[in-house]
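Structure data (compact mmCIF, C-alpha atoms) from structure-v7.txt:
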# COMPACT_ATOMS: atom_id res chain seq x y z
CA MET A 19 97.09 218.71 156.14
CA LYS A 20 97.24 219.41 152.45
CA ASN A 21 95.60 216.93 150.10
CA THR A 22 98.65 217.03 147.87
CA ALA A 23 100.61 215.30 150.63
CA ILE A 24 98.28 212.30 150.57
CA SER A 25 99.50 209.35 148.54
CA ARG A 26 97.38 207.66 145.91
CA ALA A 27 97.34 204.46 147.97
CA THR A 28 96.06 206.30 151.02
CA MET A 29 93.43 208.08 148.91
CA GLY A 30 92.24 204.67 147.81
CA ARG A 31 91.59 203.61 151.40
CA LEU A 32 89.86 206.81 152.54
CA PRO A 33 86.43 205.83 151.17
CA ALA A 34 86.53 202.67 153.29
CA TYR A 35 87.41 204.67 156.42
CA LEU A 36 84.64 207.15 155.73
CA SER A 37 82.19 204.35 155.08
CA TYR A 38 83.15 202.75 158.40
CA LEU A 39 82.85 206.00 160.37
CA GLU A 40 79.35 206.50 158.96
CA THR A 41 78.27 203.16 160.40
CA LEU A 42 79.23 204.15 163.95
CA PRO A 43 76.35 205.00 166.31
CA HIS A 44 76.10 208.71 167.15
CA THR A 45 76.92 207.87 170.75
CA VAL A 46 80.48 206.93 169.76
CA GLY A 47 82.56 210.08 170.24
CA THR A 48 86.10 208.88 169.56
CA VAL A 49 87.69 206.11 167.53
CA SER A 50 91.25 204.78 167.45
CA ALA A 51 93.32 203.69 164.47
CA THR A 52 93.41 200.23 166.08
CA THR A 53 89.61 199.99 166.07
CA VAL A 54 89.37 201.14 162.46
CA ALA A 55 92.10 198.70 161.41
CA ARG A 56 90.35 195.75 163.08
CA ALA A 57 86.95 196.62 161.65
CA LEU A 58 88.29 196.87 158.10
CA GLU A 59 90.84 194.06 158.45
CA LEU A 60 93.71 196.35 157.50
CA GLY A 61 97.19 196.63 159.02
CA GLU A 62 97.24 198.89 162.07
CA VAL A 63 100.47 200.64 161.06
CA GLN A 64 98.99 201.48 157.69
CA VAL A 65 95.73 202.82 159.12
CA ARG A 66 97.61 204.87 161.70
CA LYS A 67 99.71 206.48 158.96
CA ASP A 68 96.71 207.08 156.69
CA LEU A 69 94.68 208.79 159.41
CA SER A 70 97.72 210.81 160.46
CA ASP A 71 98.21 211.97 156.86
CA VAL A 72 94.69 213.34 156.58
CA CYS A 73 93.99 214.40 160.16
CA GLY A 74 97.28 214.70 162.07
CA ALA A 75 98.17 212.50 165.04
CA GLY A 76 95.32 211.15 167.17
CA ARG A 77 95.29 211.65 170.93
CA PRO A 78 97.27 208.92 172.76
CA ARG A 79 95.02 206.15 174.17
CA VAL A 80 91.95 207.95 172.82
CA GLY A 81 92.35 208.29 169.05
CA TYR A 82 90.34 210.70 166.97
CA ASP A 83 87.16 212.64 167.53
CA VAL A 84 84.79 210.90 165.09
CA ARG A 85 83.31 214.13 163.71
CA THR A 86 86.70 215.77 163.20
CA LEU A 87 88.11 212.69 161.52
CA THR A 88 85.05 212.42 159.27
CA ALA A 89 85.43 216.06 158.24
CA CYS A 90 89.16 215.60 157.51
CA ILE A 91 88.51 212.56 155.30
CA GLU A 92 85.63 214.29 153.52
CA ASP A 93 87.90 217.25 152.77
CA ALA A 94 90.62 214.95 151.46
CA LEU A 95 88.06 213.20 149.26
CA GLY A 96 86.78 216.52 147.96
CA VAL A 97 83.27 215.79 149.13
CA HIS A 98 82.56 219.49 149.43
CA THR A 99 83.92 220.45 146.01
CA ALA A 100 81.29 220.29 143.27
CA CYS A 101 82.04 218.30 140.11
CA GLU A 102 79.79 217.20 137.24
CA ALA A 103 79.87 213.88 135.42
CA VAL A 104 77.99 212.67 132.34
CA ILE A 105 76.98 209.17 131.34
CA VAL A 106 77.57 207.84 127.82
CA GLY A 107 75.29 204.89 127.16
CA ALA A 108 71.69 205.10 128.36
CA GLY A 109 71.16 201.37 128.78
CA ARG A 110 69.97 199.77 132.01
CA LEU A 111 73.22 200.31 133.89
CA GLY A 112 73.60 203.88 132.62
CA MET A 113 70.07 204.72 133.70
CA ALA A 114 70.60 203.05 137.08
CA LEU A 115 73.67 205.22 137.67
CA LEU A 116 71.83 208.32 136.42
CA GLY A 117 69.05 207.71 138.93
CA PHE A 118 71.35 206.83 141.81
CA ASP A 119 71.16 209.44 144.57
CA GLY A 120 74.30 208.39 146.43
CA PHE A 121 76.73 210.38 144.29
CA ALA A 122 75.61 213.90 145.28
CA HIS A 123 76.75 213.17 148.82
CA PHE A 124 80.33 213.15 147.51
CA GLY A 125 80.12 216.38 145.57
CA VAL A 126 79.48 214.74 142.21
CA THR A 127 76.32 215.45 140.23
CA ILE A 128 75.15 213.44 137.24
CA ARG A 129 72.35 215.21 135.39
CA ARG A 130 72.42 213.78 131.88
CA ALA A 131 73.09 210.60 129.94
CA PHE A 132 73.93 210.62 126.23
CA ASP A 133 73.10 207.96 123.67
CA SER A 134 73.09 207.48 119.91
CA ASP A 135 69.75 205.60 119.93
CA PRO A 136 66.83 207.97 119.19
CA ALA A 137 64.48 205.57 121.03
CA LYS A 138 66.29 206.27 124.31
CA MET A 139 65.89 210.05 124.32
CA ALA A 140 64.19 211.49 127.43
CA ALA A 141 64.27 214.60 129.58
CA ASN A 142 67.60 213.51 131.04
CA VAL A 143 68.89 211.56 128.01
CA LEU A 144 70.30 213.64 125.14
CA PRO A 145 71.62 212.70 121.69
CA ILE A 146 75.34 211.97 121.67
CA GLN A 147 75.84 214.88 119.26
CA ALA A 148 74.92 217.26 122.10
CA LEU A 149 77.80 216.01 124.28
CA THR A 150 80.42 218.53 123.12
CA ASP A 151 78.30 221.58 123.84
CA TYR A 152 77.02 220.17 127.12
CA CYS A 153 80.52 219.40 128.42
CA ALA A 154 81.79 222.87 127.47
CA LEU A 155 78.80 224.66 128.99
CA HIS A 156 78.82 222.71 132.25
CA GLN A 157 82.58 222.18 132.55
CA VAL A 158 82.06 218.44 132.86
CA GLN A 159 85.17 216.67 134.11
CA ILE A 160 84.15 213.02 134.36
CA GLY A 161 82.68 210.73 131.71
CA ILE A 162 81.01 207.47 132.76
CA LEU A 163 81.10 204.83 130.03
CA THR A 164 78.27 202.29 130.08
CA VAL A 165 78.26 201.43 126.37
CA PRO A 166 78.94 197.93 124.95
CA ALA A 167 82.63 197.01 124.79
CA ASP A 168 82.84 197.47 121.02
CA ALA A 169 81.63 201.08 121.28
CA ALA A 170 83.79 202.00 124.26
CA GLN A 171 86.95 203.26 122.54
CA GLN A 172 85.02 205.48 120.15
CA SER A 173 83.00 206.92 123.05
CA ALA A 174 86.17 207.44 125.08
CA ASP A 175 87.79 209.29 122.17
CA PHE A 176 84.73 211.52 122.00
CA LEU A 177 84.84 212.22 125.74
CA VAL A 178 88.54 213.10 125.52
CA ARG A 179 87.82 215.54 122.67
CA CYS A 180 85.14 217.08 124.88
CA GLY A 181 87.83 217.87 127.42
CA ILE A 182 86.88 215.50 130.23
CA ARG A 183 89.72 214.58 132.58
CA ALA A 184 88.65 211.19 133.92
CA ILE A 185 86.69 208.20 132.65
CA TRP A 186 84.84 205.67 134.80
CA CYS A 187 84.65 202.70 132.48
CA PHE A 188 82.00 200.00 133.04
CA SER A 189 82.51 198.63 129.53
CA PRO A 190 84.53 195.38 129.70
CA THR A 191 87.54 196.55 127.69
CA ARG A 192 90.78 198.51 128.00
CA LEU A 193 90.88 202.07 126.67
CA ASN A 194 93.62 203.98 124.91
CA VAL A 195 93.52 207.54 126.19
CA PRO A 196 96.14 210.28 126.68
CA ASP A 197 98.18 210.08 129.89
CA THR A 198 96.47 213.22 131.13
CA VAL A 199 93.12 211.41 131.31
CA HIS A 200 92.63 209.17 134.33
CA VAL A 201 90.69 205.92 133.78
CA ARG A 202 89.08 203.78 136.45
CA TYR A 203 87.85 200.40 135.25
CA GLU A 204 84.79 198.89 136.90
CA ASP A 205 84.34 195.50 135.31
CA LEU A 206 81.35 194.09 137.16
CA ALA A 207 81.40 190.73 135.37
CA LEU A 208 84.99 190.16 136.40
CA SER A 209 84.24 191.21 139.98
CA LEU A 210 81.47 188.64 140.15
CA ALA A 211 83.70 186.02 138.55
CA HIS A 212 86.23 186.63 141.29
CA LEU A 213 83.62 186.37 144.02
CA SER A 214 82.17 183.19 142.53
CA GLN A 215 85.60 181.63 142.39
CA THR A 216 86.04 182.33 146.08
CA VAL A 217 82.83 180.40 146.68
CA LYS A 218 83.89 177.55 144.42
CA ASN A 219 87.25 177.27 146.18
CA ILE A 220 85.77 176.98 149.68
CA HIS A 221 83.66 173.96 148.75
CA MET B 116 98.51 174.02 138.90
CA LYS B 117 95.90 173.76 141.61
CA ASN B 118 93.69 176.74 142.30
CA THR B 119 94.27 176.29 146.01
CA ALA B 120 97.90 177.26 145.48
CA ILE B 121 96.91 180.66 144.09
CA SER B 122 97.00 183.50 146.59
CA ARG B 123 94.07 185.81 147.13
CA ALA B 124 96.13 188.73 145.81
CA THR B 125 96.96 186.87 142.62
CA MET B 126 93.32 185.86 142.21
CA GLY B 127 92.44 189.53 142.38
CA ARG B 128 94.70 190.33 139.44
CA LEU B 129 93.62 187.41 137.20
CA PRO B 130 90.51 189.19 135.88
CA ALA B 131 92.69 192.05 134.62
CA TYR B 132 95.04 189.61 132.87
CA LEU B 133 92.12 187.81 131.28
CA SER B 134 90.57 191.07 130.21
CA TYR B 135 93.86 192.12 128.62
CA LEU B 136 94.33 188.81 126.78
CA GLU B 137 90.84 189.16 125.33
CA THR B 138 91.78 192.47 123.75
CA LEU B 139 94.67 190.95 121.81
CA PRO B 140 94.12 190.44 118.06
CA HIS B 141 93.75 186.79 117.06
CA THR B 142 96.98 187.10 115.10
CA VAL B 143 98.96 187.42 118.33
CA GLY B 144 100.08 183.88 119.22
CA THR B 145 102.30 184.44 122.25
CA VAL B 146 102.59 187.01 124.99
CA SER B 147 105.29 187.62 127.59
CA ALA B 148 104.90 188.59 131.24
CA THR B 149 106.81 191.77 130.36
CA THR B 150 104.22 192.76 127.75
CA VAL B 151 101.33 192.05 130.11
CA ALA B 152 103.01 193.99 132.92
CA ARG B 153 103.56 197.05 130.71
CA ALA B 154 100.04 197.00 129.31
CA LEU B 155 98.47 196.86 132.78
CA GLU B 156 101.07 199.08 134.46
CA LEU B 157 101.92 196.37 136.98
CA GLY B 158 105.31 195.29 138.28
CA GLU B 159 106.98 192.74 136.00
CA VAL B 160 108.16 190.50 138.85
CA GLN B 161 104.61 190.33 140.19
CA VAL B 162 103.07 189.51 136.81
CA ARG B 163 105.72 186.88 136.13
CA LYS B 164 104.93 185.18 139.45
CA ASP B 165 101.16 185.41 138.95
CA LEU B 166 101.28 183.86 135.48
CA SER B 167 103.66 181.20 136.70
CA ASP B 168 101.27 180.33 139.55
CA VAL B 169 98.35 179.70 137.21
CA CYS B 170 100.12 178.44 134.09
CA GLY B 171 103.65 177.33 134.99
CA ALA B 172 106.76 178.98 133.62
CA GLY B 173 106.57 180.64 130.22
CA ARG B 174 109.04 179.78 127.45
CA PRO B 175 112.24 181.85 127.68
CA ARG B 176 112.25 184.86 125.29
CA VAL B 177 108.78 183.85 124.02
CA GLY B 178 106.44 183.79 126.97
CA TYR B 179 103.06 182.08 126.91
CA ASP B 180 100.84 180.76 124.19
CA VAL B 181 97.89 183.17 124.39
CA ARG B 182 95.23 180.45 124.14
CA THR B 183 96.88 178.24 126.77
CA LEU B 184 97.35 181.14 129.16
CA THR B 185 93.73 182.24 128.65
CA ALA B 186 92.52 178.71 129.41
CA CYS B 187 94.68 178.49 132.55
CA ILE B 188 93.36 181.80 133.88
CA GLU B 189 89.77 180.86 133.04
CA ASP B 190 90.20 177.61 134.95
CA ALA B 191 91.66 179.44 137.93
CA LEU B 192 88.74 181.87 137.86
CA GLY B 193 86.26 179.00 137.64
CA VAL B 194 84.78 180.30 134.41
CA HIS B 195 83.73 176.81 133.42
CA THR B 196 82.11 175.89 136.74
CA ALA B 197 78.43 176.83 136.86
CA CYS B 198 77.18 178.87 139.81
CA GLU B 199 73.88 180.67 140.43
CA ALA B 200 73.37 184.04 142.07
CA VAL B 201 70.21 185.89 143.10
CA ILE B 202 69.58 189.60 143.42
CA VAL B 203 67.85 191.07 146.47
CA GLY B 204 66.42 194.49 145.64
CA ALA B 205 64.72 194.94 142.27
CA GLY B 206 65.44 198.66 141.93
CA ARG B 207 67.19 200.19 138.93
CA LEU B 208 70.62 198.79 139.78
CA GLY B 209 69.26 195.35 140.63
CA MET B 210 67.37 195.19 137.36
CA ALA B 211 70.43 196.41 135.43
CA LEU B 212 72.48 193.58 136.94
CA LEU B 213 69.69 191.07 136.29
CA GLY B 214 69.62 192.04 132.62
CA PHE B 215 73.38 192.15 132.21
CA ASP B 216 74.58 189.41 129.87
CA GLY B 217 78.26 189.60 130.79
CA PHE B 218 78.06 187.32 133.82
CA ALA B 219 77.22 184.06 132.03
CA HIS B 220 80.60 184.24 130.33
CA PHE B 221 82.18 183.59 133.74
CA GLY B 222 80.03 180.66 134.73
CA VAL B 223 77.61 182.69 136.84
CA THR B 224 73.91 182.84 136.02
CA ILE B 225 71.46 185.30 137.54
CA ARG B 226 67.87 184.34 136.80
CA ARG B 227 65.81 186.04 139.50
CA ALA B 228 65.60 189.16 141.61
CA PHE B 229 63.62 189.29 144.86
CA ASP B 230 61.84 192.28 146.35
CA SER B 231 59.35 193.07 149.10
CA ASP B 232 57.47 195.60 146.95
CA PRO B 233 54.42 193.97 145.25
CA ALA B 234 54.59 196.64 142.52
CA LYS B 235 57.93 195.31 141.35
CA MET B 236 56.85 191.71 140.73
CA ALA B 237 57.52 190.39 137.20
CA ALA B 238 58.41 187.16 135.43
CA ASN B 239 61.95 187.40 136.80
CA VAL B 240 61.14 189.28 140.03
CA LEU B 241 59.71 187.20 142.88
CA PRO B 242 58.45 188.15 146.35
CA ILE B 243 61.17 188.07 148.99
CA GLN B 244 59.22 185.34 150.83
CA ALA B 245 60.05 182.98 147.95
CA LEU B 246 63.80 183.39 148.47
CA THR B 247 64.28 180.49 150.90
CA ASP B 248 62.65 177.90 148.66
CA TYR B 249 64.32 179.26 145.53
CA CYS B 250 67.81 179.14 147.08
CA ALA B 251 67.29 175.59 148.34
CA LEU B 252 65.90 174.35 145.02
CA HIS B 253 68.58 175.95 142.85
CA GLN B 254 71.50 175.65 145.28
CA VAL B 255 72.15 179.36 145.03
CA GLN B 256 75.54 180.32 146.42
CA ILE B 257 75.78 184.05 145.86
CA GLY B 258 73.43 186.83 146.95
CA ILE B 259 73.70 190.25 145.33
CA LEU B 260 72.45 193.05 147.58
CA THR B 261 71.06 196.12 145.82
CA VAL B 262 68.68 197.27 148.55
CA PRO B 263 68.91 200.66 150.35
CA ALA B 264 71.55 200.79 153.09
CA ASP B 265 69.01 200.63 155.90
CA ALA B 266 67.58 197.36 154.57
CA ALA B 267 70.93 195.73 153.82
CA GLN B 268 71.66 194.00 157.14
CA GLN B 269 68.20 192.45 157.33
CA SER B 270 68.50 191.23 153.73
CA ALA B 271 71.98 189.87 154.40
CA ASP B 272 70.70 187.97 157.46
CA PHE B 273 67.98 186.47 155.29
CA LEU B 274 70.49 185.44 152.61
CA VAL B 275 72.70 183.81 155.24
CA ARG B 276 69.73 181.84 156.59
CA CYS B 277 69.07 180.73 153.01
CA GLY B 278 72.53 179.16 152.97
CA ILE B 279 74.30 181.43 150.51
CA ARG B 280 78.08 181.52 150.85
CA ALA B 281 78.99 184.91 149.44
CA ILE B 282 77.40 188.35 149.27
CA TRP B 283 78.14 191.01 146.67
CA CYS B 284 77.04 194.15 148.46
CA PHE B 285 76.17 197.29 146.47
CA SER B 286 74.40 198.83 149.46
CA PRO B 287 76.61 201.54 151.01
CA THR B 288 77.06 199.94 154.43
CA ARG B 289 79.10 197.30 156.27
CA LEU B 290 77.47 193.94 156.98
CA ASN B 291 77.74 191.66 159.97
CA VAL B 292 77.80 188.10 158.68
CA PRO B 293 79.36 184.83 159.88
CA ASP B 294 83.04 184.33 159.00
CA THR B 295 82.04 181.52 156.66
CA VAL B 296 80.23 183.97 154.38
CA HIS B 297 82.46 185.99 152.07
CA VAL B 298 81.43 189.61 151.41
CA ARG B 299 82.61 191.80 148.56
CA TYR B 300 81.66 195.46 148.88
CA GLU B 301 81.03 197.44 145.71
CA ASP B 302 80.36 200.98 146.85
CA LEU B 303 79.88 202.83 143.57
CA ALA B 304 79.39 206.24 145.19
CA LEU B 305 82.72 205.93 146.98
CA SER B 306 84.44 204.77 143.79
CA LEU B 307 83.18 207.84 141.97
CA ALA B 308 84.18 210.06 144.90
CA HIS B 309 87.68 208.70 144.63
CA LEU B 310 87.82 209.28 140.88
CA SER B 311 86.47 212.80 141.21
CA GLN B 312 89.06 213.62 143.83
CA THR B 313 91.77 212.50 141.42
CA VAL B 314 90.38 215.01 138.93
CA LYS B 315 90.15 217.76 141.52
CA ASN B 316 93.74 217.17 142.63
CA ILE B 317 95.22 217.46 139.13
CA HIS B 318 93.80 220.93 138.59

Would you write out, as structure tokens, the structure that this file holds?
Amino acid sequence: MKNTAISRATMGRLPAYLSYLETLPHTVGTVSATTVARALELGEVQVRKDLSDVCGAGRPRVGYDVRTLTACIEDALGVHTACEAVIVGAGRLGMALLGFDGFAHFGVTIRRAFDSDPAKMAANVLPIQALTDYCALHQVQIGILTVPADAAQQSADFLVRCGIRAIWCFSPTRLNVPDTVHVRYEDLALSLAHLSQTVKNIH
Amino acid sequence: MKNTAISRATMGRLPAYLSYLETLPHTVGTVSATTVARALELGEVQVRKDLSDVCGAGRPRVGYDVRTLTACIEDALGVHTACEAVIVGAGRLGMALLGFDGFAHFGVTIRRAFDSDPAKMAANVLPIQALTDYCALHQVQIGILTVPADAAQQSADFLVRCGIRAIWCFSPTRLNVPDTVHVRYEDLALSLAHLSQTVKNIH
């Protein structure tokens, strides 16, 4: 199956499927769409279609070979295609992401953070002025924004001028970028607010 | 409007609405569902229903008073109801979350992280053995898991025994917890994988 045939909505669910498959004991050889749907609390029809889109039809009454299905999803997610990202904002969160070893597993490397504060410079933290050359030299495609909200737009503009194609924005704000640049917002404070409200409502 | 009347799906979109309203200049007095829908690239019918659920019907051809709508959404999100969370796992990510000042704005305070590593103890990092007493004393309701995946289930079990009602799980794994405990998974590696695949696909 070609990745181009996979819808954006399906793409969004693939990480959850992959995550689930990775939790299965090695003794489990096959898995059905029904099992996956139940485990993730998703609709069975939807899961069946998603898995079919990335890995063809499963075997009747058996489902999918776990290793084959894992490989299909990894291919669809581009796990085996290398891609470099940079971090803008070497604060606590930026440094946590820079030191996180879980990204390489998905074909994304993060080697450097950039910051305007001279006090933050280190072996893996460079001055923001070096961003343009670094992005050109390493063909960086993703910029991760972990600057304060009031510095986010300016940093995003800079990243766009450096030619990056996607921004992962942890700064609590909305960005204005060209349509050709994809933005994913990750507002942790709002996520926690949502979770806390769930707790407050079940009192 | 009562919060209990607001669907889970609507609740999930409220943070985005609130975030958008906060970006509006103070000179903007009113905002329509149409404007909000366009700004966030959501369906207008959906936005209209969501805003109506939390703040009643807007005025025809005018929409909502920005301050009133903001207050309604904040109430629905429980911004003004205090709630305490603890972090389990005082690694880089845990410490970044502990030092993050954006949570208080939503009525959630995080004062302490807990860890089993004696080397990580600090004024705001306590030994994991102190978790039970701390949770009881401070009526902690949310546990934030930033431990490695292989320690996550054990930590989650401990949090459940401490009486917490929701877990925000940054560890890349699925947890088994009682149905009464709400879990929100925040798998950053998978989020980045998804974003990188978007970039790879638009080559």

If you take only C-alpha atoms and a cut-off of 8 Å, which residues of chain B touch chain A, and what are their nearest atom pairs and distances in Å to one decimal, in chain and number order, as a tab-separated table?
residue	atom	partner	partner_atom	distance
B:Asn118	CA	A:Asn219	CA	7.5
B:Thr119	CA	A:Asn219	CA	7.1
B:Met126	CA	A:His212	CA	7.2
B:Gly127	CA	A:His212	CA	6.9
B:Pro130	CA	A:Leu208	CA	5.6
B:Ser134	CA	A:Thr191	CA	6.7
B:Tyr135	CA	A:Arg192	CA	7.1
B:Thr138	CA	A:Thr191	CA	7.1
B:Ala191	CA	A:Gln215	CA	7.8
B:Leu192	CA	A:Gln215	CA	5.5
B:Gly193	CA	A:Gln215	CA	5.5
B:Val194	CA	A:Ala211	CA	7.1
B:Cys198	CA	A:Ser214	CA	7.1
B:Arg207	CA	A:Ala114	CA	4.8
B:Leu208	CA	A:Ala114	CA	5.0
B:Met210	CA	A:Arg110	CA	7.5
B:Ala211	CA	A:Arg110	CA	4.8
B:Leu212	CA	A:Leu111	CA	7.4
B:Gly214	CA	A:Arg110	CA	7.8
B:Gly217	CA	A:Ala207	CA	5.7
B:Phe218	CA	A:Ala207	CA	5.0
B:Phe221	CA	A:Ala211	CA	5.6
B:Gly222	CA	A:Ala211	CA	7.5
B:Val223	CA	A:Ala211	CA	7.1
B:Gln256	CA	A:Val217	CA	7.3
B:Ile257	CA	A:Ser214	CA	7.3
B:Arg280	CA	A:Val217	CA	6.4
B:Ala281	CA	A:Val217	CA	6.5
B:Trp283	CA	A:Leu213	CA	7.7
B:Pro287	CA	A:Ser37	CA	7.5
B:Thr288	CA	A:Ser37	CA	6.8
B:Arg289	CA	A:Tyr38	CA	7.1
B:His297	CA	A:Val217	CA	7.8
B:Arg299	CA	A:Leu213	CA	7.1
B:Ala304	CA	A:Phe121	CA	5.0
B:Leu305	CA	A:Pro33	CA	5.6
B:Ser306	CA	A:Pro33	CA	7.7
B:Leu307	CA	A:Phe121	CA	7.3
B:Ala308	CA	A:Phe124	CA	5.6
B:His309	CA	A:Leu95	CA	6.5
B:Leu310	CA	A:Arg202	CA	7.2
B:Ser311	CA	A:Cys101	CA	7.1
B:Gln312	CA	A:Leu95	CA	5.5
B:Thr313	CA	A:His200	CA	7.9
B:Val314	CA	A:Arg183	CA	6.4
B:Lys315	CA	A:Gly96	CA	7.4
B:Asn316	CA	A:Thr22	CA	7.2

CA of Ala174 in chain A to CA of Leu193 in chain A, distance in Å rounded to a single decimal:
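For CA of Ala174 in chain A relative to CA of Leu193 in chain A, the distance reads 7.3 Å.
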
If the box runs along x, y and z of the file and leaves 6 Å on each side of range 182-187 of chain A, what are its centre and edge lengths in Å, one decimal, as lines of an AutoDock Vina configuration file?
center_x = 87.2
center_y = 209.1
center_z = 132.5
size_x = 17.1
size_y = 24.8
size_z = 16.6

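Atom pair CA of Val201 in chain B / CA of Ala170 in chain A has a distance of 28.3 Å (rounded to one decimal).
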
So how far away is CA of Ser286 in chain B from CA of Ser270 in chain B, in Å?
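According to the coordinates, CA of Ser270 in chain B and CA of Ser286 in chain B are separated by 10.5 Å.
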
Can you tell me, as a PyMOL selection string, what residues are no more than 10 Å from range 72-82 of chain A when counting only C-alpha atoms, ignoring any on the same chain fewer than 6 positions away?
chain A and resi 19-21+23-24+28-29+32+47-53+66+88-95

Filtering to C-alpha atoms, could you give me those residues as a short mmCIF file (atom, residue, chain, number, x, y, z; two decimals), in the frame of the given file?
data_model
loop_
_atom_site.label_atom_id
_atom_site.label_comp_id
_atom_site.auth_asym_id
_atom_site.auth_seq_id
_atom_site.Cartn_x
_atom_site.Cartn_y
_atom_site.Cartn_z
CA MET A 19 97.09 218.71 156.14
CA LYS A 20 97.24 219.41 152.45
CA ASN A 21 95.60 216.93 150.10
CA ALA A 23 100.61 215.30 150.63
CA ILE A 24 98.28 212.30 150.57
CA THR A 28 96.06 206.30 151.02
CA MET A 29 93.43 208.08 148.91
CA LEU A 32 89.86 206.81 152.54
CA GLY A 47 82.56 210.08 170.24
CA THR A 48 86.10 208.88 169.56
CA VAL A 49 87.69 206.11 167.53
CA SER A 50 91.25 204.78 167.45
CA ALA A 51 93.32 203.69 164.47
CA THR A 52 93.41 200.23 166.08
CA THR A 53 89.61 199.99 166.07
CA ARG A 66 97.61 204.87 161.70
CA THR A 88 85.05 212.42 159.27
CA ALA A 89 85.43 216.06 158.24
CA CYS A 90 89.16 215.60 157.51
CA ILE A 91 88.51 212.56 155.30
CA GLU A 92 85.63 214.29 153.52
CA ASP A 93 87.90 217.25 152.77
CA ALA A 94 90.62 214.95 151.46
CA LEU A 95 88.06 213.20 149.26
#

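Minimum atom-to-atom distances from B:Ala251, B:Leu260, B:Val203, B:Leu166 to Lys235 in chain B were compared using only C-alpha atoms, and the lowest value belongs to B:Val203.
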
Which residues are close to Phe229 in chain B, i.e. within 8 Å by all atoms listed in the file, leaving aside same-chain residues fewer than 5 positions away? Reply as number ranges by chain.
B: 201-205, 240-243, 245-246

Please determine, counting all atoms listed in the file, which residue among A:Asn194, A:Thr127, A:Ser134, A:Thr45 has the shortest atom-to-atom distance to Val158 in chain A.
A:Thr127
